[in-house]
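Everything on this sheet refers to the single structure shown next.
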Amino acid sequence: MKSLLFLFLLLTSCGVFHPIKFNNLSLNEKLVDVKRESIQFSEVLKEAENQKKTLIHIYASYCPFSQKSREDVVKLQSESNNFNYISLSVDHSYHDWKRELKNIPIKGKHYYLSSKDKGALGNFLKLKKVPRFLILDEEDDILIFKSSNLSRLKRKLK
């Protein structure tokens, strides 16, 4: 009986969701660019250079932890040119994001995720907290699915 309980606990506690690819629903999620035009997430990924890995930074400009994470991204950008950078904001509104965008020194592509954690992409990512980082390889396979601290990832990024 104890061995069955141990096996049950082992099987249920070790299941960690770490997908390798985005599903079709998440790829079809609509984002908003700085010109307030819609673009599918799949198109955003296609625009990234295929010879480089991609770092996706999900943040909210009003969040103090997200503000700190921006400093980490800027520092990484100054140290390494080996990545495409995509920033996804989950601010309260497009106008809040757009107003704060001028204070965000991160180079790369910036988009607003209006559906936040309620849409297909947020649901796929199990997006509950920000900041959040994902790292994709050159073929857009997900290398790192969930991390809230970029400085801890630096050794994995090389």
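We name chains A, B, ... following the order of the structure tokens; residues begin at 1 in each chain, and ligands are numbered from 1 as shown.
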Inset, instruction - Per DSSP on the backbone, filter segment 27-88 of chain A down to the residues in strand (DSSP E or B) and report them as a list in words. - result: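 Matching residues, listed in order: Lys30, Leu31, Val32, Ser38, Ile39, Gln40, Lys53, Thr54, Leu55, Ile56, His57, Ile58, Tyr59, Phe83, Asn84, Tyr85, Ile86, Ser87 and Leu88 of chain A.
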Output file for the selection above: N, CA and C atoms, as a tab-separated table (two decimals), in the first residue's frame:
```tsv
chain	number	residue	atom	x	y	z
A	30	LYS	N	-3.96	37.22	-31.67
A	30	LYS	CA	-3.73	38.56	-32.22
A	30	LYS	C	-3.03	39.44	-31.19
A	31	LEU	N	-1.95	40.06	-31.61
A	31	LEU	CA	-1.25	41.05	-30.83
A	31	LEU	C	-1.49	42.41	-31.48
A	32	VAL	N	-1.13	43.47	-30.77
A	32	VAL	CA	-1.27	44.82	-31.31
A	32	VAL	C	0.12	45.44	-31.35
A	38	SER	N	-3.29	44.98	-35.83
A	38	SER	CA	-3.26	43.60	-35.36
A	38	SER	C	-2.25	42.79	-36.15
A	39	ILE	N	-1.61	41.88	-35.45
A	39	ILE	CA	-0.68	40.96	-36.08
A	39	ILE	C	-0.75	39.64	-35.32
A	40	GLN	N	-0.73	38.54	-36.05
A	40	GLN	CA	-0.76	37.24	-35.40
A	40	GLN	C	0.60	36.95	-34.78
A	53	LYS	N	18.63	32.86	-31.80
A	53	LYS	CA	17.63	32.49	-30.80
A	53	LYS	C	16.78	33.72	-30.50
A	54	THR	N	15.62	33.50	-29.93
A	54	THR	CA	14.70	34.60	-29.63
A	54	THR	C	14.40	34.61	-28.15
A	55	LEU	N	14.49	35.78	-27.55
A	55	LEU	CA	14.11	35.98	-26.16
A	55	LEU	C	12.78	36.73	-26.16
A	56	ILE	N	11.78	36.14	-25.53
A	56	ILE	CA	10.49	36.79	-25.39
A	56	ILE	C	10.36	37.26	-23.95
A	57	HIS	N	10.11	38.53	-23.79
A	57	HIS	CA	9.98	39.15	-22.48
A	57	HIS	C	8.53	39.58	-22.32
A	58	ILE	N	7.83	39.02	-21.35
A	58	ILE	CA	6.44	39.37	-21.08
A	58	ILE	C	6.43	40.18	-19.79
A	59	TYR	N	5.81	41.34	-19.84
A	59	TYR	CA	5.89	42.27	-18.71
A	59	TYR	C	4.64	43.14	-18.64
A	83	PHE	N	20.63	37.42	-30.04
A	83	PHE	CA	19.21	37.12	-29.87
A	83	PHE	C	18.34	38.11	-30.61
A	84	ASN	N	17.18	37.62	-31.03
A	84	ASN	CA	16.07	38.49	-31.41
A	84	ASN	C	15.33	38.80	-30.12
A	85	TYR	N	14.85	40.00	-29.98
A	85	TYR	CA	14.14	40.39	-28.76
A	85	TYR	C	12.70	40.76	-29.09
A	86	ILE	N	11.78	40.09	-28.42
A	86	ILE	CA	10.36	40.37	-28.57
A	86	ILE	C	9.82	40.68	-27.18
A	87	SER	N	9.20	41.83	-27.03
A	87	SER	CA	8.60	42.22	-25.76
A	87	SER	C	7.09	42.24	-25.91
A	88	LEU	N	6.41	41.56	-24.99
A	88	LEU	CA	4.95	41.50	-24.98
A	88	LEU	C	4.45	42.14	-23.69
```
What's around Glu29 of chain A at 9 Å? Count only C-alpha atoms, leave out sequence neighbours fewer than 2 positions away in its own chain, and write the answer as a PDB file with all heavy atoms, in the first residue's frame.
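Result file around_7.pdb:
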```
ATOM      1  N   ASN A  24      -1.440  25.701 -32.285  1.00  0.00           N
ATOM      2  CA  ASN A  24      -2.032  26.543 -33.333  1.00  0.00           C
ATOM      3  C   ASN A  24      -2.855  27.688 -32.769  1.00  0.00           C
ATOM      4  O   ASN A  24      -2.837  28.787 -33.313  1.00  0.00           O
ATOM      5  CB  ASN A  24      -2.875  25.698 -34.289  1.00  0.00           C
ATOM      6  CG  ASN A  24      -2.002  24.861 -35.197  1.00  0.00           C
ATOM      7  OD1 ASN A  24      -0.855  25.200 -35.457  1.00  0.00           O
ATOM      8  ND2 ASN A  24      -2.542  23.755 -35.674  1.00  0.00           N
ATOM      9  N   LEU A  25      -3.591  27.438 -31.686  1.00  0.00           N
ATOM     10  CA  LEU A  25      -4.391  28.507 -31.096  1.00  0.00           C
ATOM     11  C   LEU A  25      -3.517  29.661 -30.615  1.00  0.00           C
ATOM     12  O   LEU A  25      -3.835  30.828 -30.833  1.00  0.00           O
ATOM     13  CB  LEU A  25      -5.236  27.980 -29.936  1.00  0.00           C
ATOM     14  CG  LEU A  25      -6.439  27.129 -30.305  1.00  0.00           C
ATOM     15  CD1 LEU A  25      -7.098  26.560 -29.054  1.00  0.00           C
ATOM     16  CD2 LEU A  25      -7.434  27.930 -31.120  1.00  0.00           C
ATOM     17  N   SER A  26      -2.420  29.331 -29.957  1.00  0.00           N
ATOM     18  CA  SER A  26      -1.534  30.391 -29.461  1.00  0.00           C
ATOM     19  C   SER A  26      -0.837  31.118 -30.612  1.00  0.00           C
ATOM     20  O   SER A  26      -0.637  32.332 -30.551  1.00  0.00           O
ATOM     21  CB  SER A  26      -0.511  29.838 -28.470  1.00  0.00           C
ATOM     22  OG  SER A  26       0.329  28.881 -29.083  1.00  0.00           O
ATOM     23  N   LEU A  27      -0.489  30.406 -31.666  1.00  0.00           N
ATOM     24  CA  LEU A  27       0.143  31.046 -32.817  1.00  0.00           C
ATOM     25  C   LEU A  27      -0.816  31.984 -33.542  1.00  0.00           C
ATOM     26  O   LEU A  27      -0.388  32.948 -34.179  1.00  0.00           O
ATOM     27  CB  LEU A  27       0.671  29.991 -33.795  1.00  0.00           C
ATOM     28  CG  LEU A  27       1.891  29.214 -33.314  1.00  0.00           C
ATOM     29  CD1 LEU A  27       2.169  28.042 -34.247  1.00  0.00           C
ATOM     30  CD2 LEU A  27       3.110  30.111 -33.193  1.00  0.00           C
ATOM     31  N   LEU A  31      -1.953  40.055 -31.615  1.00  0.00           N
ATOM     32  CA  LEU A  31      -1.247  41.051 -30.827  1.00  0.00           C
ATOM     33  C   LEU A  31      -1.491  42.409 -31.477  1.00  0.00           C
ATOM     34  O   LEU A  31      -1.961  42.486 -32.604  1.00  0.00           O
ATOM     35  CB  LEU A  31       0.250  40.752 -30.795  1.00  0.00           C
ATOM     36  CG  LEU A  31       0.671  39.352 -30.345  1.00  0.00           C
ATOM     37  CD1 LEU A  31       2.181  39.203 -30.464  1.00  0.00           C
ATOM     38  CD2 LEU A  31       0.222  39.079 -28.939  1.00  0.00           C
ATOM     39  N   ILE A  39      -1.614  41.882 -35.453  1.00  0.00           N
ATOM     40  CA  ILE A  39      -0.679  40.959 -36.085  1.00  0.00           C
ATOM     41  C   ILE A  39      -0.748  39.640 -35.320  1.00  0.00           C
ATOM     42  O   ILE A  39      -0.841  39.629 -34.094  1.00  0.00           O
ATOM     43  CB  ILE A  39       0.761  41.530 -36.108  1.00  0.00           C
ATOM     44  CG1 ILE A  39       1.707  40.587 -36.850  1.00  0.00           C
ATOM     45  CG2 ILE A  39       1.248  41.854 -34.707  1.00  0.00           C
ATOM     46  CD1 ILE A  39       3.084  41.180 -37.136  1.00  0.00           C
ATOM     47  N   GLN A  40      -0.730  38.545 -36.055  1.00  0.00           N
ATOM     48  CA  GLN A  40      -0.756  37.240 -35.402  1.00  0.00           C
ATOM     49  C   GLN A  40       0.599  36.947 -34.779  1.00  0.00           C
ATOM     50  O   GLN A  40       1.643  37.326 -35.318  1.00  0.00           O
ATOM     51  CB  GLN A  40      -1.100  36.137 -36.399  1.00  0.00           C
ATOM     52  CG  GLN A  40      -2.546  36.055 -36.757  1.00  0.00           C
ATOM     53  CD  GLN A  40      -2.838  34.839 -37.621  1.00  0.00           C
ATOM     54  OE1 GLN A  40      -2.003  34.398 -38.390  1.00  0.00           O
ATOM     55  NE2 GLN A  40      -4.038  34.322 -37.475  1.00  0.00           N
ATOM     56  N   PHE A  41       0.567  36.224 -33.675  1.00  0.00           N
ATOM     57  CA  PHE A  41       1.803  35.847 -32.996  1.00  0.00           C
ATOM     58  C   PHE A  41       2.713  35.053 -33.934  1.00  0.00           C
ATOM     59  O   PHE A  41       3.930  35.233 -33.914  1.00  0.00           O
ATOM     60  CB  PHE A  41       1.474  35.050 -31.727  1.00  0.00           C
ATOM     61  CG  PHE A  41       2.672  34.661 -30.922  1.00  0.00           C
ATOM     62  CD1 PHE A  41       3.548  35.618 -30.450  1.00  0.00           C
ATOM     63  CD2 PHE A  41       2.921  33.334 -30.631  1.00  0.00           C
ATOM     64  CE1 PHE A  41       4.667  35.264 -29.698  1.00  0.00           C
ATOM     65  CE2 PHE A  41       4.016  32.968 -29.878  1.00  0.00           C
ATOM     66  CZ  PHE A  41       4.901  33.936 -29.415  1.00  0.00           C
ATOM     67  N   SER A  42       2.153  34.209 -34.776  1.00  0.00           N
ATOM     68  CA  SER A  42       2.964  33.436 -35.729  1.00  0.00           C
ATOM     69  C   SER A  42       3.732  34.368 -36.669  1.00  0.00           C
ATOM     70  O   SER A  42       4.882  34.088 -37.019  1.00  0.00           O
ATOM     71  CB  SER A  42       2.097  32.470 -36.530  1.00  0.00           C
ATOM     72  OG  SER A  42       1.118  33.168 -37.269  1.00  0.00           O
ATOM     73  N   LEU A 113      -0.339  42.561 -25.718  1.00  0.00           N
ATOM     74  CA  LEU A 113      -1.171  41.364 -25.653  1.00  0.00           C
ATOM     75  C   LEU A 113      -2.453  41.723 -24.912  1.00  0.00           C
ATOM     76  O   LEU A 113      -2.517  41.666 -23.685  1.00  0.00           O
ATOM     77  CB  LEU A 113      -0.416  40.235 -24.936  1.00  0.00           C
ATOM     78  CG  LEU A 113      -1.115  38.903 -24.770  1.00  0.00           C
ATOM     79  CD1 LEU A 113      -1.496  38.299 -26.113  1.00  0.00           C
ATOM     80  CD2 LEU A 113      -0.221  37.941 -23.997  1.00  0.00           C
ATOM     81  N   SER A 115      -5.375  40.389 -24.705  1.00  0.00           N
ATOM     82  CA  SER A 115      -6.151  39.340 -24.035  1.00  0.00           C
ATOM     83  C   SER A 115      -5.505  38.876 -22.731  1.00  0.00           C
ATOM     84  O   SER A 115      -6.128  38.138 -21.966  1.00  0.00           O
ATOM     85  CB  SER A 115      -6.328  38.149 -24.969  1.00  0.00           C
ATOM     86  OG  SER A 115      -5.061  37.609 -25.300  1.00  0.00           O
ATOM     87  N   GLY A 119      -6.568  34.938 -23.190  1.00  0.00           N
ATOM     88  CA  GLY A 119      -6.555  34.503 -24.582  1.00  0.00           C
ATOM     89  C   GLY A 119      -5.811  33.194 -24.770  1.00  0.00           C
ATOM     90  O   GLY A 119      -5.313  32.582 -23.824  1.00  0.00           O
ATOM     91  N   ALA A 120      -5.721  32.775 -26.028  1.00  0.00           N
ATOM     92  CA  ALA A 120      -5.098  31.499 -26.354  1.00  0.00           C
ATOM     93  C   ALA A 120      -3.604  31.471 -25.997  1.00  0.00           C
ATOM     94  O   ALA A 120      -3.116  30.474 -25.462  1.00  0.00           O
ATOM     95  CB  ALA A 120      -5.287  31.198 -27.834  1.00  0.00           C
ATOM     96  N   LEU A 121      -2.890  32.561 -26.276  1.00  0.00           N
ATOM     97  CA  LEU A 121      -1.460  32.592 -25.959  1.00  0.00           C
ATOM     98  C   LEU A 121      -1.235  32.616 -24.454  1.00  0.00           C
ATOM     99  O   LEU A 121      -0.424  31.857 -23.925  1.00  0.00           O
ATOM    100  CB  LEU A 121      -0.789  33.794 -26.625  1.00  0.00           C
ATOM    101  CG  LEU A 121       0.710  33.938 -26.426  1.00  0.00           C
ATOM    102  CD1 LEU A 121       1.455  32.704 -26.904  1.00  0.00           C
ATOM    103  CD2 LEU A 121       1.231  35.182 -27.133  1.00  0.00           C
TER     104      LEU A 121
END
```
Legend entry - Separation of atom CA of Glu138 of chain A from atom CA of Lys126 of chain A in Å: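 Rounded to one decimal, the two atoms are 23.2 Å apart.
Compared by their closest atoms to Leu134 of chain A, and using only C-alpha atoms, the residues A:Val44, A:Val34, A:Ile20, A:Ile106 rank with A:Ile20 nearest.
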Each residue of segment 77-106 of chain A with at least one atom at most 12 Å from segment 144-154 of chain A should appear once, together with its nearest atom pair and the corresponding distance in Å (one decimal); atoms considered: only C-alpha atoms; ordering: chain, then increasing residue number; output as a Markdown table.
```
| residue | atom | partner | partner_atom | distance |
| --- | --- | --- | --- | --- |
| A:Gln77 | CA | A:Lys154 | CA | 11.6 |
| A:Glu79 | CA | A:Lys154 | CA | 10.6 |
| A:Ser80 | CA | A:Lys154 | CA | 10.4 |
```
